[in-house]
Each structure stands twice: as C-alpha cells, then as structure tokens.
Amino acid sequence: MPPGSRRHRLAEAREVLCHGAVACELGARHLAGSLGRIGRRARFAGDTGFAPADVPRALLPGEQGSRRG
C-alpha cells in the first residue's frame with residue numbers, strides 16, 4: 001500500500017468512525033461491525049443535524065480527524 005492511500009490510512013488508524021444516515025446507515029453499521037470482527041477498533045455514528053459536531057469531542061486526547069479523501 002502506498003503511504004497516504006486510503007487503505008494505508010485505514011490500516012494505520014487506531015479507531016475508525018463509520019458515519020451513515022438514511023440509506024447509508026446500513027452500510028456504515030455493517031462496516032463498523034466487520035472491522036470490529038477482524039479486531040479493528042470501529043464505531044458507528046448516524047446522527048444528523050447539529051449532533052455530528054460533537055463527534056470530534058469523542059476523539060482520544062491528542063488525536064485529530066482527517067478530512068483527506
């Protein structure tokens with residue numbers, strides 16, 4: 001995997017946040033569950049509106065989110 005690729009960032013992440021709402025919720029829940037079954041730390045968030053603004057508060061101290069595609 002080339003450094004900086006999506007797969008590389010996923011493999012190196014301490015925790016993965018899977019967000020999905022409405023039609024995407026099922027896929028995001030499935031991804032979070034699948035990652036958990038293979039031993040990766042993952043969680044699901046399906047909030048909409050102002051609630052997603054609270055998600056960064058749940059990050060571990062010293063972590064920050066990545067907006068790279």
# chains A, B, ... in the order shown; residues from 1 in each chain; ligands from 1
call {"tool": "select_by_dssp", "arguments": {"residues": "range 4-40 of chain A", "states": "helix (DSSP H, G or I)", "output": "number ranges by chain"}}
result
A: 6-12, 22-37
call {"tool": "residues_around", "arguments": {"residues": "range 13-24 of chain A", "least_positions_apart": "4", "cutoff": "7 Å", "atoms": "only C-alpha atoms", "output": "list of chain:residue names"}}
result
A:Arg9, A:Ala28, A:Ala32, A:Arg41, A:Ala42, A:Arg43, A:Phe44, A:Ala45, A:Gly46, A:Asp47
call {"tool": "select_by_dssp", "arguments": {"residues": "range 14-48 of chain A", "states": "strand (DSSP E or B)", "output": "list in words"}}
result
Val16, Leu17, Cys18, His19, Ala42, Arg43, Phe44 and Ala45 of chain A
call {"tool": "write_last_selection", "arguments": {"atoms": "all heavy atoms", "output": "PDB file, in the first residue's frame"}}
result
ATOM      1  N   VAL A  16     -11.708   3.692  13.794  1.00  0.00           N
ATOM      2  CA  VAL A  16     -12.403   4.148  12.597  1.00  0.00           C
ATOM      3  C   VAL A  16     -13.819   4.537  12.990  1.00  0.00           C
ATOM      4  O   VAL A  16     -14.511   3.782  13.677  1.00  0.00           O
ATOM      5  CB  VAL A  16     -12.444   3.040  11.517  1.00  0.00           C
ATOM      6  CG1 VAL A  16     -13.240   3.501  10.301  1.00  0.00           C
ATOM      7  CG2 VAL A  16     -11.043   2.619  11.122  1.00  0.00           C
ATOM      8  N   LEU A  17     -14.246   5.704  12.573  1.00  0.00           N
ATOM      9  CA  LEU A  17     -15.608   6.163  12.795  1.00  0.00           C
ATOM     10  C   LEU A  17     -16.361   6.007  11.487  1.00  0.00           C
ATOM     11  O   LEU A  17     -15.999   6.608  10.476  1.00  0.00           O
ATOM     12  CB  LEU A  17     -15.633   7.627  13.237  1.00  0.00           C
ATOM     13  CG  LEU A  17     -17.025   8.257  13.358  1.00  0.00           C
ATOM     14  CD1 LEU A  17     -17.819   7.568  14.467  1.00  0.00           C
ATOM     15  CD2 LEU A  17     -16.908   9.739  13.628  1.00  0.00           C
ATOM     16  N   CYS A  18     -17.391   5.181  11.481  1.00  0.00           N
ATOM     17  CA  CYS A  18     -18.211   4.938  10.292  1.00  0.00           C
ATOM     18  C   CYS A  18     -19.498   5.732  10.441  1.00  0.00           C
ATOM     19  O   CYS A  18     -20.290   5.460  11.334  1.00  0.00           O
ATOM     20  CB  CYS A  18     -18.525   3.458  10.159  1.00  0.00           C
ATOM     21  SG  CYS A  18     -17.065   2.406  10.106  1.00  0.00           S
ATOM     22  N   HIS A  19     -19.695   6.715   9.574  1.00  0.00           N
ATOM     23  CA  HIS A  19     -20.880   7.562   9.646  1.00  0.00           C
ATOM     24  C   HIS A  19     -21.792   7.256   8.472  1.00  0.00           C
ATOM     25  O   HIS A  19     -21.356   7.189   7.334  1.00  0.00           O
ATOM     26  CB  HIS A  19     -20.504   9.045   9.624  1.00  0.00           C
ATOM     27  CG  HIS A  19     -21.692   9.926   9.703  1.00  0.00           C
ATOM     28  ND1 HIS A  19     -22.303  10.424   8.587  1.00  0.00           N
ATOM     29  CD2 HIS A  19     -22.396  10.384  10.765  1.00  0.00           C
ATOM     30  CE1 HIS A  19     -23.345  11.163   8.952  1.00  0.00           C
ATOM     31  NE2 HIS A  19     -23.404  11.150  10.270  1.00  0.00           N
ATOM     32  N   ALA A  42     -13.620   0.148  15.885  1.00  0.00           N
ATOM     33  CA  ALA A  42     -14.502   0.918  14.999  1.00  0.00           C
ATOM     34  C   ALA A  42     -15.810   1.194  15.716  1.00  0.00           C
ATOM     35  O   ALA A  42     -16.237   0.427  16.584  1.00  0.00           O
ATOM     36  CB  ALA A  42     -14.766   0.149  13.710  1.00  0.00           C
ATOM     37  N   ARG A  43     -16.433   2.305  15.344  1.00  0.00           N
ATOM     38  CA  ARG A  43     -17.749   2.628  15.896  1.00  0.00           C
ATOM     39  C   ARG A  43     -18.596   3.298  14.832  1.00  0.00           C
ATOM     40  O   ARG A  43     -18.086   3.796  13.837  1.00  0.00           O
ATOM     41  CB  ARG A  43     -17.636   3.489  17.137  1.00  0.00           C
ATOM     42  CG  ARG A  43     -16.928   4.783  16.945  1.00  0.00           C
ATOM     43  CD  ARG A  43     -16.616   5.404  18.299  1.00  0.00           C
ATOM     44  NE  ARG A  43     -15.588   6.404  18.113  1.00  0.00           N
ATOM     45  CZ  ARG A  43     -15.729   7.664  18.438  1.00  0.00           C
ATOM     46  NH1 ARG A  43     -16.827   8.076  19.019  1.00  0.00           N
ATOM     47  NH2 ARG A  43     -14.766   8.519  18.222  1.00  0.00           N
ATOM     48  N   PHE A  44     -19.889   3.269  15.054  1.00  0.00           N
ATOM     49  CA  PHE A  44     -20.852   3.812  14.117  1.00  0.00           C
ATOM     50  C   PHE A  44     -21.480   5.082  14.686  1.00  0.00           C
ATOM     51  O   PHE A  44     -21.742   5.174  15.882  1.00  0.00           O
ATOM     52  CB  PHE A  44     -21.961   2.783  13.854  1.00  0.00           C
ATOM     53  CG  PHE A  44     -23.163   3.372  13.203  1.00  0.00           C
ATOM     54  CD1 PHE A  44     -23.159   3.672  11.855  1.00  0.00           C
ATOM     55  CD2 PHE A  44     -24.297   3.657  13.938  1.00  0.00           C
ATOM     56  CE1 PHE A  44     -24.266   4.252  11.253  1.00  0.00           C
ATOM     57  CE2 PHE A  44     -25.407   4.219  13.350  1.00  0.00           C
ATOM     58  CZ  PHE A  44     -25.393   4.520  12.000  1.00  0.00           C
ATOM     59  N   ALA A  45     -21.714   6.062  13.818  1.00  0.00           N
ATOM     60  CA  ALA A  45     -22.461   7.267  14.188  1.00  0.00           C
ATOM     61  C   ALA A  45     -23.450   7.548  13.058  1.00  0.00           C
ATOM     62  O   ALA A  45     -23.074   7.562  11.891  1.00  0.00           O
ATOM     63  CB  ALA A  45     -21.521   8.458  14.369  1.00  0.00           C
TER      64      ALA A  45
END
call {"tool": "atom_distance", "arguments": {"atom1": "CA of His30 in chain A", "atom2": "CA of Ala11 in chain A"}}
result
17.6 Å
call {"tool": "atom_distance", "arguments": {"atom1": "CA of Arg37 in chain A", "atom2": "CA of Gly4 in chain A"}}
result
24.7 Å
